[in-house]
Amino acid sequence: MTHAKKQLINSPETVVVEALEGLCLSHTHLQLLEGSPQIKVVINKNHDKSKVALISGGGSGHEPAHAGYVGDGMLAAAVCGDVFASPSTAAVLAAIRAVTGPGGCLLIVKNYTGDRLNFGLAAEQALSEGYSVEVVVVGEDVAIDAPSRLTGRRGLAGTVLVHKAAGAAAARGAPLCAVAALAARVSDHLATLGVGLTPCTLPGKPTPERLAPDEIEIGLGIHGEPGRASVRPPPPAAELVTRMVKQIASGSPFFKLPSSSSSTSSASAPRLALLVNNLGGTPPLELSLVAGAALTAARADLGAVVDRVYVGPFMTSLDMAGMSLTLLSYDMDPEAALQEAAAEPGSKEDAASASSSSSWAHLLQLLDDPTSAPGWPYRGPALPGAFDPASLAAVRAPLPAAASAAAGAPGPGAGGEAVPPLPAGGLSAAAAALGRALRGAAGAVVAAEAELDDMDAKVGDGDCGATLAGGGRAVLAALDGGAVPLHSAPAAAAAVAAAVRGAVGGSSGALYDILLTAAARQLKSSTQPQQQLDASPRDWAEALSAGLAAVQKYGRADVGCRTMLDALLPARDAALAAVERGESGVAAAEAAAAAAEAGAESTRGMAAAAGRASYVPAEVLASVPDPGAVAAARWLRAVATALKA
């Protein structure tokens, strides 16, 4: 039996009205008209009726469109239908009456039959009542090569750029005819293409199973309808984005950007604005990746100059995982630019260039103008970041000098301190034993990767093994590359810390880096005064103690907190006790390993006081020991085994 998806709603029947209520309660300038649920209209109660009122709307489920775009500088009112259902004519007419004054009103309508009919009928009724009304229909979807003459192209996320530009013009006091003409021109110079990874889920309904796990759809709309093409398996994101940009640039009869940058000089390069739209369920991490790929494709494949880039959820489809790309450029219609400039003095080419540049600059100003609409995320120009013209990659800021040195050459020598030279007789027995111990410890965490991940999946995020194994491989690579000066205990510890630092992320990486760095500092203080290169068992035990003291200082955990310290602190105590008794390094290591193993096992069922496990129910914790403590016990056992060799 298929169950409805878990959702944060009270009832599918009331979700739209309650969401609009919450939006208005959250923003002081927004207000719902009376008459809900039949009339679902959000108005800007601060709208100046002497200026043109922009009204848009459509079915709900596309948030922040459309109510999120109500505010000074964008819409005066948004007319909302039920989820994916056009609002009624009565609701549209109520919005017109509520916000329209001497300035008149412009209805911006996405090209769907229900919206065209209901907004159109309301416009006719408002005209008969004496209101000044203009209508602009937006249809910029390029997924359909030859759309039906009756239906035309669908209105998608590019509609938001029409809202922004026309809304700014209205806020500046432009008359209705000028605002409508601007909206129509922007609409005519948009092109959008979307891709869906999952279907969307209607409130109170199960998620459709239309798409296979390895299937995506290109050219879909925003109402859950299937896309124009299915792709299996999904290509890498950069490849997909490049394909979409090329299709956008060539898939519309009004989009005539050049097909290759090789024929485009910098002076004549087309200028465009890019909108990267989250369809609802795409993580910001993935959307940022898509934005970078789209910028690169626009520059590399279209030879374009991207003047503005907008990234975020602008027009969604409930919880759909996917995105759409919109290009806006006046340079996509050079023939219109020539016609527009024909009356100007001078050559047609010069006049066209000047006219296009001037109108494009004006459009950018309108897109940059401020707005109080809560759904518009930018409070200034959405300028792209700096990039290298040769590689098109983002320009990196240089590392500070000390960090640059540390990243390039691990160990104390990287910090400006010379590593002692290798003794004439080569590595001592102690140095060779250190090398075996480090290899054994690193190999142990690599070998335990799958087991540790399995443990962590039950009590954490499932990556403990992979994280620590990455550090183990980095240490092994450093050893193989001769980057660990085994003849100097302090330098060797510092080199291992640097290897871990560059390979292990998250809190585990930071804690091990702290432990090793503090241990290296302790080894330096205990060996250098005696001009020693090797460290004694007591030196190593005291170094472990110093490292763990630093971990406790910054991590704030102790024995009993269900962390790696439940293994390492008993190991420290056992090692210190062994050297106090005058036992050998081999015996001290064996004592430390046994204590660590007992400490790790004691975490089974222990309540967690730190880390992600602190949020896990006690019955789950009872089934598995702490993976970080187990990892520490494994590498300590490997050290003890290596020292016996």
# chains A, B, ... in the order shown; residues from 1 in each chain; ligands from 1

$ residues_around --residues "Ala386 of chain A" --least-positions-apart "6" --cutoff "12 Å" --atoms "only C-alpha atoms" --output "VMD selection string"
chain A and resid 292 295 306 to 307 392 to 397

$ residues_around --residues "Leu523 of chain A" --least-positions-apart "6" --cutoff "8 Å" --atoms "only C-alpha atoms" --output "ChimeraX atom specification"
/A:489-490,535,539-540,543

$ closest_residue --among "A:Met564, A:Ala550, A:Ala457, A:Ala491" --to "Val624 of chain A" --atoms "only C-alpha atoms"
A:Ala457

$ residues_around --residues "Asp534 of chain A" --least-positions-apart "3" --cutoff "7 Å" --atoms "only C-alpha atoms" --output "ChimeraX atom specification"
/A:430-431,487-489

$ write_last_selection --atoms "C-alpha atoms" --output "tab-separated table (two decimals), in the first residue's frame"
chain	number	residue	atom	x	y	z
A	430	ALA	CA	63.94	3.52	17.23
A	431	ALA	CA	63.32	5.44	14.00
A	487	HIS	CA	64.82	10.19	12.34
A	488	SER	CA	63.30	13.16	14.22
A	489	ALA	CA	60.37	12.30	16.48

$ closest_residue --among "A:Ala169, A:Leu176, A:Ala519, A:Leu533" --to "Gly101 of chain A" --atoms "only C-alpha atoms"
A:Leu176

$ closest_residue --among "A:Phe84, A:Tyr512, A:Trp635, A:Tyr131" --to "Leu106 of chain A" --atoms "only C-alpha atoms"
A:Tyr131

$ residues_around --residues "Glu13 of chain A" --least-positions-apart "5" --cutoff "10 Å" --atoms "only C-alpha atoms" --output "list of chain:residue names"
A:Glu18, A:Pro37, A:Asp82, A:Val83, A:Pro203, A:Gly204

$ write_last_selection --atoms "all heavy atoms" --output "compact mmCIF listing (two decimals), in the first residue's frame"
# COMPACT_ATOMS: atom_id res chain seq x y z
N GLU A 18 -3.45 28.64 4.73
CA GLU A 18 -2.62 28.72 5.93
C GLU A 18 -1.20 29.18 5.61
O GLU A 18 -0.58 29.91 6.38
CB GLU A 18 -2.60 27.37 6.64
CG GLU A 18 -3.94 27.02 7.28
CD GLU A 18 -3.99 25.61 7.84
OE1 GLU A 18 -3.14 24.78 7.46
OE2 GLU A 18 -4.86 25.33 8.66
N PRO A 37 -11.75 30.88 1.55
CA PRO A 37 -10.74 30.34 0.64
C PRO A 37 -11.00 30.59 -0.83
O PRO A 37 -10.15 30.28 -1.66
CB PRO A 37 -10.78 28.85 0.96
CG PRO A 37 -12.21 28.59 1.30
CD PRO A 37 -12.67 29.82 2.04
N ASP A 82 -5.62 27.18 -5.92
CA ASP A 82 -5.22 25.99 -5.19
C ASP A 82 -3.96 25.44 -5.83
O ASP A 82 -3.49 25.95 -6.85
CB ASP A 82 -6.35 24.96 -5.20
CG ASP A 82 -7.55 25.42 -4.38
OD1 ASP A 82 -7.35 26.13 -3.38
OD2 ASP A 82 -8.70 25.08 -4.76
N VAL A 83 -3.40 24.39 -5.25
CA VAL A 83 -2.15 23.84 -5.77
C VAL A 83 -2.33 23.42 -7.23
O VAL A 83 -3.20 22.61 -7.55
CB VAL A 83 -1.69 22.65 -4.91
CG1 VAL A 83 -0.49 21.97 -5.55
CG2 VAL A 83 -1.34 23.12 -3.51
N PRO A 203 0.17 17.88 -1.88
CA PRO A 203 -0.14 17.79 -0.45
C PRO A 203 -1.10 16.63 -0.16
O PRO A 203 -2.14 16.48 -0.81
CB PRO A 203 -0.79 19.14 -0.15
CG PRO A 203 -0.21 20.06 -1.17
CD PRO A 203 -0.05 19.24 -2.41
N GLY A 204 -0.71 15.80 0.81
CA GLY A 204 -1.55 14.69 1.22
C GLY A 204 -1.53 13.49 0.30
O GLY A 204 -2.27 12.52 0.52

$ atom_distance --atom1 "atom CA of Ala304 of chain A" --atom2 "atom CA of Val186 of chain A"
18.0 Å

$ residues_around --residues "Phe314 of chain A" --least-positions-apart "5" --cutoff "10 Å" --atoms "only C-alpha atoms" --output "number ranges by chain"
A: 62-66, 68-69, 156-161, 275-280, 324, 375-377

$ select_by_dssp --residues "segment 474-618 of chain A" --states "alpha helix (DSSP H)" --output "ChimeraX atom specification"
/A:474-480,489-503,506-527,537-555,565-580,585-602,618

$ select_by_dssp --residues "segment 89-129 of chain A" --states "strand (DSSP E or B)" --output "list in words"
Cys105, Leu106, Leu107, Ile108, Val109 and Lys110 of chain A

$ residues_around --residues "Glu209 of chain A" --least-positions-apart "4" --cutoff "10 Å" --atoms "only C-alpha atoms" --output "number ranges by chain"
A: 198-200, 213

$ write_last_selection --atoms "all heavy atoms" --output "mmCIF file, in the first residue's frame"
data_model
loop_
_atom_site.group_PDB
_atom_site.id
_atom_site.type_symbol
_atom_site.label_atom_id
_atom_site.label_comp_id
_atom_site.auth_asym_id
_atom_site.auth_seq_id
_atom_site.Cartn_x
_atom_site.Cartn_y
_atom_site.Cartn_z
ATOM 1 N N THR A 198 13.200 14.096 -9.788
ATOM 2 C CA THR A 198 12.104 13.363 -9.143
ATOM 3 C C THR A 198 10.805 14.063 -9.468
ATOM 4 O O THR A 198 10.792 15.267 -9.727
ATOM 5 C CB THR A 198 12.277 13.317 -7.615
ATOM 6 O OG1 THR A 198 12.162 14.659 -7.090
ATOM 7 C CG2 THR A 198 13.609 12.717 -7.215
ATOM 8 N N PRO A 199 9.678 13.347 -9.439
ATOM 9 C CA PRO A 199 8.386 14.028 -9.556
ATOM 10 C C PRO A 199 8.106 14.832 -8.286
ATOM 11 O O PRO A 199 8.770 14.663 -7.261
ATOM 12 C CB PRO A 199 7.382 12.874 -9.713
ATOM 13 C CG PRO A 199 8.199 11.655 -9.975
ATOM 14 C CD PRO A 199 9.528 11.892 -9.350
ATOM 15 N N CYS A 200 7.136 15.709 -8.355
ATOM 16 C CA CYS A 200 6.729 16.464 -7.172
ATOM 17 C C CYS A 200 5.598 15.725 -6.450
ATOM 18 O O CYS A 200 4.921 14.875 -7.025
ATOM 19 C CB CYS A 200 6.297 17.873 -7.546
ATOM 20 S SG CYS A 200 4.904 17.948 -8.684
ATOM 21 N N PRO A 213 14.932 5.095 -10.624
ATOM 22 C CA PRO A 213 16.012 5.679 -9.820
ATOM 23 C C PRO A 213 17.155 6.255 -10.650
ATOM 24 O O PRO A 213 17.843 7.173 -10.201
ATOM 25 C CB PRO A 213 16.487 4.494 -8.962
ATOM 26 C CG PRO A 213 15.301 3.594 -8.874
ATOM 27 C CD PRO A 213 14.609 3.723 -10.196
#
